[in-house]
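Visitor: Below you will find the structure I want to go over with you.
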Amino acid sequence: MARKTKEDALITRDRILDAAELVFEQRGVSRCSLQEIAQAACVTRGAIYWHFDNKADLVNAMFQRVTLPLEEAISRSADPNTVDPLHEVRNSLLNALRKTVACPQVQRVFVIKMQKLEYVDELLAVRDKRVATRVGLIDQVAIGLKRAMAEGQIDRRVPARASAIALHALISGLIENWLLDPKAFDLVKVGTHALNAYLAGLAQPRPVPTTAGAKRART
């Protein structure tokens, strides 16, 4: 019986989160109430408070349910056992783009996060959580880039954390612009080109040939 009760609670929680996604997408986060979400989920307002402390807690849970797999994939950039750290960084970021294109739920949650959310009042806690998550992801990518430096794959002159911040901005910016108009460009194709170009720019500079060496190369 206890197991059944736990399963029922999880089903109710997911139903609330499903309803919240749809309501937030239609009306925005600030403009809708927990009562509206309760009605959409066919539960009582008390049921929402059983699972979530407040609206911010609900929003954070909604984001985590969808984005956690993406965050876990990106965190593999820091895997100390990978043979090719730069390849792991590249693949983890490209997989985030592929998942965004392939999954309508990911798209819906990203639209809410990027277009339907104001960080005001109690929702400031959502901003704090988002900032903490971003810092964690950047840290993981930076670890991967440091390992790539140690392997001689990229230039040591650019700090790994600065490169990781720029990579995060590149990927998030591509996703945000694509969500505004998905027909404007192919997210995975354009993202692959942009990511390859950026990572190529981090590569170790080739030595400049001497005058004598250049002459021999031409003969």
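Simple scheme: letters A, B, ... for chains in structure tokens order, numbers from 1 for residues in each chain, numbers from 1 for ligands in the order shown.
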Identify, with DSSP run on backbone atoms, the residues in segment 38-112 of chain A assigned to alpha helix (DSSP H), and express the list as a count of residues only.
Guide: 59
Visitor: Quick one: everything within 9 Å of segment 15-20 of chain A, counting only C-alpha atoms, minus sequence neighbours fewer than 3 positions away in the same chain. Send it as a PyMOL selection string.
Guide: chain A and resi 10-12+23-25+29+34+36-43+47-48+58-59+61-62+65
Visitor: Please identify all polymer residues within 6 Å of segment 148-155 of chain A, counting only C-alpha atoms, omitting same-chain residues fewer than 2 positions from it, and present them as a count of residues only.
Guide: 8
Visitor: Which one of A:Ile112, A:Val89, A:Ala164, A:Ala142 sits closest to Arg27 of chain A if you count only C-alpha atoms?
Guide: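 The shortest atom-to-atom distance to Arg27 of chain A comes from A:Ile112.
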Visitor: In Å, with one decimal, what is the gap from atom CA of Phe110 of chain A to atom CA of Ile143 of chain A?
Guide: 25.7 Å
Visitor: Which residue is closest to Pro182 of chain A? Choose from A:Ser75, A:Gln107, A:Gln115, A:Thr67 and count only C-alpha atoms.
Guide: A:Gln107
Visitor: Let me make sure I understand: among A:Arg90, A:Arg127, A:Arg108, A:Arg161, which one has the smallest atom-to-atom distance to Ala200 of chain A if we use only C-alpha atoms?
Guide: A:Arg90
Visitor: Between atom CA of Val158 of chain A and atom CA of Tyr198 of chain A, what is the distance in Å, rounded to a tenth?
Guide: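 Rounded to one decimal, the two atoms are 12.5 Å apart.
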